[in-house]
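J.: Sharing a structure here in C-alpha cells format.
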Amino acid sequence: MFEIREEARRFISHENAKGHQQWDALEPNMKTLVPRCAVPLETRWTPKSYGRSKPSVMVICMAAVPNTVMRGWDVHVPVERKPTDGKPRRRPAPF
C-alpha cells in the first residue's frame, strides 16, 4: 500500500503543479489486498462514470506478478481539496 499511496501523491503533486486546483491525496483503504505489480504503476483521475461520490485517483497495475487471483488491478485513492485559507480542515467527529 505504501507504493500505491506514494504513486497517488506523485500524481497529485503533478496535477497541483498545473496550477488549476490544489489537492491532497488521502490514504488508500488499508484493507485492500492486491498482488505486487510486475510493471510500473499508472495513475489517472477516476472517471465519473465509475460512480464514486467524491474525487479520487486510480492507481493501476496492468500486470500483477503471476498469481491465481488477478492479472491486474486498480485501487482508488481518495483526494480532497486543500483549504484556500491555509488552515487545515477539521473533520467532524464521528457519532
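Residue names in the C-alpha cells use chain letters A, B, ... in the order shown, residue numbers from 1 in each chain, and ligand numbers from 1 in the order shown.
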Using backbone DSSP assignments, extract all strand (DSSP E) residues from chain A; output them as an mmCIF file with C-alpha atoms, in the first residue's frame.
T.:
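Output contents, as saved in states-v3.cif:
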```cif
data_model
loop_
_atom_site.group_PDB
_atom_site.id
_atom_site.type_symbol
_atom_site.label_atom_id
_atom_site.label_comp_id
_atom_site.auth_asym_id
_atom_site.auth_seq_id
_atom_site.Cartn_x
_atom_site.Cartn_y
_atom_site.Cartn_z
ATOM 1 C CA TRP A 23 -5.465 18.688 -3.879
ATOM 2 C CA ASP A 24 -4.223 16.419 -1.103
ATOM 3 C CA ALA A 25 -4.075 12.656 -1.584
ATOM 4 C CA GLU A 42 -0.059 4.118 -13.756
ATOM 5 C CA THR A 43 -2.255 6.872 -12.335
ATOM 6 C CA ARG A 44 -5.172 8.956 -13.541
ATOM 7 C CA TRP A 45 -8.265 10.645 -12.200
ATOM 8 C CA SER A 56 -10.239 10.057 -6.351
ATOM 9 C CA VAL A 57 -7.128 8.927 -8.149
ATOM 10 C CA MET A 58 -6.888 5.490 -9.728
ATOM 11 C CA VAL A 59 -3.582 3.722 -9.220
ATOM 12 C CA ILE A 60 -3.458 0.996 -11.853
ATOM 13 C CA CYS A 61 -1.390 -2.144 -12.252
ATOM 14 C CA TRP A 73 -5.883 -4.304 -10.540
ATOM 15 C CA ASP A 74 -6.762 -0.716 -9.709
ATOM 16 C CA VAL A 75 -7.013 0.965 -6.329
ATOM 17 C CA HIS A 76 -8.898 4.226 -5.804
ATOM 18 C CA VAL A 77 -7.203 6.726 -3.510
ATOM 19 C CA PRO A 78 -9.489 9.496 -2.218
ATOM 20 C CA VAL A 79 -8.437 13.122 -2.565
ATOM 21 C CA GLU A 80 -9.681 16.369 -1.088
ATOM 22 C CA ARG A 81 -9.150 19.992 -1.991
#
```
J.: Using DSSP on the backbone coordinates, identify all residues within chain A classified as helix (DSSP H, G or I); present the result as a list of chain:residue names.
T.: A:Phe2, A:Glu3, A:Ile4, A:Arg5, A:Glu6, A:Glu7, A:Ala8, A:Arg9, A:Arg10, A:Phe11, A:Ile12, A:Ser13, A:His14, A:Glu15, A:Asn16, A:Ala17, A:Lys48, A:Ser49, A:Tyr50
J.: Keeping only N, CA, C and O atoms, write those residues as a PDB file, in the first residue's frame.
T.:
```pdb
ATOM      1  N   PHE A   2       2.076   1.149   0.520  1.00  0.00           N
ATOM      2  CA  PHE A   2       2.965   2.313   0.532  1.00  0.00           C
ATOM      3  C   PHE A   2       3.197   2.821  -0.889  1.00  0.00           C
ATOM      4  O   PHE A   2       3.102   4.021  -1.148  1.00  0.00           O
ATOM      5  N   GLU A   3       3.497   1.903  -1.814  1.00  0.00           N
ATOM      6  CA  GLU A   3       3.765   2.299  -3.195  1.00  0.00           C
ATOM      7  C   GLU A   3       2.534   2.928  -3.842  1.00  0.00           C
ATOM      8  O   GLU A   3       2.653   3.881  -4.618  1.00  0.00           O
ATOM      9  N   ILE A   4       1.376   2.401  -3.527  1.00  0.00           N
ATOM     10  CA  ILE A   4       0.126   2.938  -4.078  1.00  0.00           C
ATOM     11  C   ILE A   4      -0.087   4.360  -3.572  1.00  0.00           C
ATOM     12  O   ILE A   4      -0.381   5.271  -4.343  1.00  0.00           O
ATOM     13  N   ARG A   5       0.085   4.563  -2.277  1.00  0.00           N
ATOM     14  CA  ARG A   5      -0.084   5.893  -1.692  1.00  0.00           C
ATOM     15  C   ARG A   5       0.916   6.882  -2.295  1.00  0.00           C
ATOM     16  O   ARG A   5       0.556   7.999  -2.662  1.00  0.00           O
ATOM     17  N   GLU A   6       2.169   6.464  -2.422  1.00  0.00           N
ATOM     18  CA  GLU A   6       3.198   7.353  -2.958  1.00  0.00           C
ATOM     19  C   GLU A   6       2.937   7.683  -4.426  1.00  0.00           C
ATOM     20  O   GLU A   6       3.169   8.804  -4.860  1.00  0.00           O
ATOM     21  N   GLU A   7       2.452   6.733  -5.195  1.00  0.00           N
ATOM     22  CA  GLU A   7       2.144   6.989  -6.598  1.00  0.00           C
ATOM     23  C   GLU A   7       0.992   7.983  -6.714  1.00  0.00           C
ATOM     24  O   GLU A   7       1.010   8.882  -7.551  1.00  0.00           O
ATOM     25  N   ALA A   8      -0.017   7.850  -5.855  1.00  0.00           N
ATOM     26  CA  ALA A   8      -1.127   8.805  -5.842  1.00  0.00           C
ATOM     27  C   ALA A   8      -0.624  10.202  -5.463  1.00  0.00           C
ATOM     28  O   ALA A   8      -1.025  11.196  -6.061  1.00  0.00           O
ATOM     29  N   ARG A   9       0.271  10.282  -4.499  1.00  0.00           N
ATOM     30  CA  ARG A   9       0.831  11.580  -4.092  1.00  0.00           C
ATOM     31  C   ARG A   9       1.641  12.220  -5.215  1.00  0.00           C
ATOM     32  O   ARG A   9       1.574  13.422  -5.418  1.00  0.00           O
ATOM     33  N   ARG A  10       2.410  11.408  -5.950  1.00  0.00           N
ATOM     34  CA  ARG A  10       3.165  11.946  -7.091  1.00  0.00           C
ATOM     35  C   ARG A  10       2.219  12.504  -8.145  1.00  0.00           C
ATOM     36  O   ARG A  10       2.450  13.576  -8.697  1.00  0.00           O
ATOM     37  N   PHE A  11       1.154  11.764  -8.428  1.00  0.00           N
ATOM     38  CA  PHE A  11       0.176  12.213  -9.418  1.00  0.00           C
ATOM     39  C   PHE A  11      -0.442  13.537  -8.983  1.00  0.00           C
ATOM     40  O   PHE A  11      -0.537  14.483  -9.762  1.00  0.00           O
ATOM     41  N   ILE A  12      -0.858  13.625  -7.723  1.00  0.00           N
ATOM     42  CA  ILE A  12      -1.485  14.845  -7.209  1.00  0.00           C
ATOM     43  C   ILE A  12      -0.490  15.997  -7.215  1.00  0.00           C
ATOM     44  O   ILE A  12      -0.844  17.126  -7.560  1.00  0.00           O
ATOM     45  N   SER A  13       0.757  15.736  -6.887  1.00  0.00           N
ATOM     46  CA  SER A  13       1.773  16.790  -6.929  1.00  0.00           C
ATOM     47  C   SER A  13       1.907  17.334  -8.353  1.00  0.00           C
ATOM     48  O   SER A  13       1.995  18.554  -8.558  1.00  0.00           O
ATOM     49  N   HIS A  14       1.897  16.455  -9.327  1.00  0.00           N
ATOM     50  CA  HIS A  14       1.986  16.863 -10.731  1.00  0.00           C
ATOM     51  C   HIS A  14       0.750  17.674 -11.128  1.00  0.00           C
ATOM     52  O   HIS A  14       0.847  18.690 -11.811  1.00  0.00           O
ATOM     53  N   GLU A  15      -0.423  17.237 -10.701  1.00  0.00           N
ATOM     54  CA  GLU A  15      -1.662  17.957 -11.006  1.00  0.00           C
ATOM     55  C   GLU A  15      -1.663  19.339 -10.342  1.00  0.00           C
ATOM     56  O   GLU A  15      -2.082  20.316 -10.948  1.00  0.00           O
ATOM     57  N   ASN A  16      -1.204  19.407  -9.085  1.00  0.00           N
ATOM     58  CA  ASN A  16      -1.144  20.688  -8.382  1.00  0.00           C
ATOM     59  C   ASN A  16      -0.189  21.656  -9.078  1.00  0.00           C
ATOM     60  O   ASN A  16      -0.413  22.866  -9.092  1.00  0.00           O
ATOM     61  N   ALA A  17       0.879  21.125  -9.671  1.00  0.00           N
ATOM     62  CA  ALA A  17       1.854  21.973 -10.358  1.00  0.00           C
ATOM     63  C   ALA A  17       1.240  22.652 -11.585  1.00  0.00           C
ATOM     64  O   ALA A  17       1.729  23.690 -12.018  1.00  0.00           O
ATOM     65  N   LYS A  48     -15.801   9.825 -13.686  1.00  0.00           N
ATOM     66  CA  LYS A  48     -17.090   9.981 -13.003  1.00  0.00           C
ATOM     67  C   LYS A  48     -18.001   8.797 -13.288  1.00  0.00           C
ATOM     68  O   LYS A  48     -18.850   8.455 -12.482  1.00  0.00           O
ATOM     69  N   SER A  49     -17.816   8.159 -14.443  1.00  0.00           N
ATOM     70  CA  SER A  49     -18.663   7.027 -14.820  1.00  0.00           C
ATOM     71  C   SER A  49     -18.486   5.823 -13.879  1.00  0.00           C
ATOM     72  O   SER A  49     -19.294   4.912 -13.889  1.00  0.00           O
ATOM     73  N   TYR A  50     -17.455   5.836 -13.045  1.00  0.00           N
ATOM     74  CA  TYR A  50     -17.258   4.761 -12.073  1.00  0.00           C
ATOM     75  C   TYR A  50     -18.203   4.890 -10.886  1.00  0.00           C
ATOM     76  O   TYR A  50     -18.259   4.014 -10.043  1.00  0.00           O
TER      77      TYR A  50
END
```
J.: For each of A:Leu33, A:Val69, A:Leu26, A:Ala38, take the minimum atom-to-atom distance to A:Lys54, counting only C-alpha atoms, then give the residue where this is smallest.
T.: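 Of A:Leu33, A:Val69, A:Leu26, A:Ala38, the one nearest A:Lys54 is A:Leu26, counting only C-alpha atoms.
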J.: Separation of atom CA of A:Arg71 and atom CA of A:Glu27, in Å?
T.: 23.9 Å
J.: For A:Ala63, work out the shell of residues within 10 Å, counting only C-alpha atoms and skipping chain neighbours fewer than 5 positions away, then give it as a list in words.
T.: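 Skipping anything fewer than 5 positions along the chain leaves Pro35, Arg36, Cys37, Ala38, Val39, Pro40, Leu41, Met70, Arg71, Gly72 and Trp73 of chain A.
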J.: If you measure from atom CA of A:Gly51 to atom CA of A:Gln22, what distance in Å do you get, rounded to one decimal?
T.: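 Atom-to-atom, atom CA of A:Gly51 to atom CA of A:Gln22, that is 22.5 Å.
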J.: Suppose you want the space between atom CA of A:Pro55 and atom CA of A:Gln21; what is it in Å?
T.: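 So the two atoms, atom CA of A:Pro55 and atom CA of A:Gln21, lie 12.4 Å apart.
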